[in-house]
Amino acid sequence: MRTPPGRLLPSPADAAASSRIARFREHVEAADFPCVGAKASLARDALEVHAFGPLGSRGNDGPLLDRIVRFARRRDHDDPDDSTVHSLAAVFDGPGDTDESRFEALLWSQLQRLHLLDVRRGARWADDVSRDPDDPKFSLSLGGHPFFVIGLHAGASRLARRLPFPALVFNSHRQFDRLRADGRYAKMQAATRERDVALQGSINPNLADFGTAPETRQYSGRAVEAGWRCPFHVSKGR
């Protein structure tokens with residue numbers, strides 16, 4: 001088949017990126033996927049998905065941070081009465097053979113570099129969360145906005161987090177706080193945990209309510225040890 005004059009075919013890289021984005025959306029849309037917040041976000045066209053190079057590549061840092069900061073600014077201007085759950089997902093072009101320890105290392109390396117770039121750009125740490133990653137009140141701050149991060153990858157022990165390629169989902173903590181204040185968050189959380197038990201027979205042993213245990217234990221999805229310490233470090237002077 002000939003290409004019509006003046007029309008360019010998508011490059012293999014563009015086609016592969018589009019395929020990963022579609023695969024991620026299909027994963028969330030699947031009937032047995034447990035997270036009701038993500039499903040609601042997808043159904044209301046409030047789930048942004050962007051494709052990047054391999055997780056761990058420094059070429060991701062600037063473009064990914066740009067997307068996150070723009071997303072954060074929009075969340076800071078959301079109508080407080082709007083119940084829409086917004087999320088931003090980054091899908092990566094590999095590696096596709098990560099075990100849980102390797103993925104965890106790649107995740108924290110990526111988040112550390114995003115933070116350092118954020119500092120160089122002049123951003124301040126969000127003033128409504130802790131700067132200590134081992135503090136139960138910690139959340140990752142980018143662009144002055146606090147985020148809870150969820151990692152997915154091929155070697156995940158939790159079925160809900162298992163994808164053939166790595167992905168990071170950034171959720172606004174301020175959005176969660178609004179949902180928590182009027183009781184919607186508790187209902188979503190209970191429904192998600194019930195669906196997770198139906199899918200895998202148990203909930204992730206690292207799950208905890210915000211403020212009762214460090215949320216950093218949950219980011220990678222690995223069942224971390226009791227004495228685990230987060231490898232992330234906040235730059236001094238923030």
# chains A, B, ... in the order shown; residues from 1 in each chain; ligands from 1
>>> residues_around(residues="segment 158-170 of chain A", least_positions_apart="6", cutoff="10 Å", atoms="only C-alpha atoms", output="ChimeraX atom specification")
/A:20-21,23-24,27-28,32-35,38,47-52,54-55,68,71-72,86-98,103,106-107,110-111,140,146-152,196,199-200,202-204,219-223
>>> atom_distance(atom1="atom CA of Val197 of chain A", atom2="atom CA of Lys137 of chain A")
26.6 Å
>>> residues_around(residues="segment 184-189 of chain A", least_positions_apart="6", cutoff="8 Å", atoms="only C-alpha atoms", output="number ranges by chain")
A: 36-37, 176
>>> write_last_selection(atoms="N, CA, C and O atoms", output="tab-separated table (two decimals), in the first residue's frame")
chain	number	residue	atom	x	y	z
A	36	VAL	N	-10.10	1.49	41.95
A	36	VAL	CA	-11.30	2.16	41.45
A	36	VAL	C	-11.02	3.62	41.12
A	36	VAL	O	-11.67	4.21	40.25
A	37	GLY	N	-10.04	4.24	41.80
A	37	GLY	CA	-9.69	5.62	41.49
A	37	GLY	C	-9.13	5.75	40.09
A	37	GLY	O	-9.49	6.66	39.34
A	176	PHE	N	-6.00	13.94	47.04
A	176	PHE	CA	-6.40	12.93	48.00
A	176	PHE	C	-6.92	13.57	49.29
A	176	PHE	O	-7.88	13.09	49.89
>>> atom_distance(atom1="atom CA of Pro205 of chain A", atom2="atom CA of Gly227 of chain A")
14.4 Å
>>> closest_residue(among="A:His173, A:Arg44, A:Lys39, A:Arg178", to="Glu215 of chain A", atoms="only C-alpha atoms")
A:His173
>>> closest_residue(among="A:Gly183, A:Pro231, A:Gly143, A:Gly122", to="Val69 of chain A", atoms="only C-alpha atoms")
A:Gly143
>>> closest_residue(among="A:His153, A:Arg25, A:Arg58, A:His145", to="Asn171 of chain A", atoms="only C-alpha atoms")
A:His145
>>> select_by_dssp(residues="segment 152-223 of chain A", states="helix (DSSP H, G or I)", output="ChimeraX atom specification")
/A:159-161,173-181,184-200,215-218
>>> atom_distance(atom1="atom CA of Asp132 of chain A", atom2="atom CA of Ala226 of chain A")
17.5 Å
>>> closest_residue(among="A:Asp99, A:Gly62, A:Arg70, A:Asp78", to="Gly155 of chain A", atoms="only C-alpha atoms")
A:Asp99
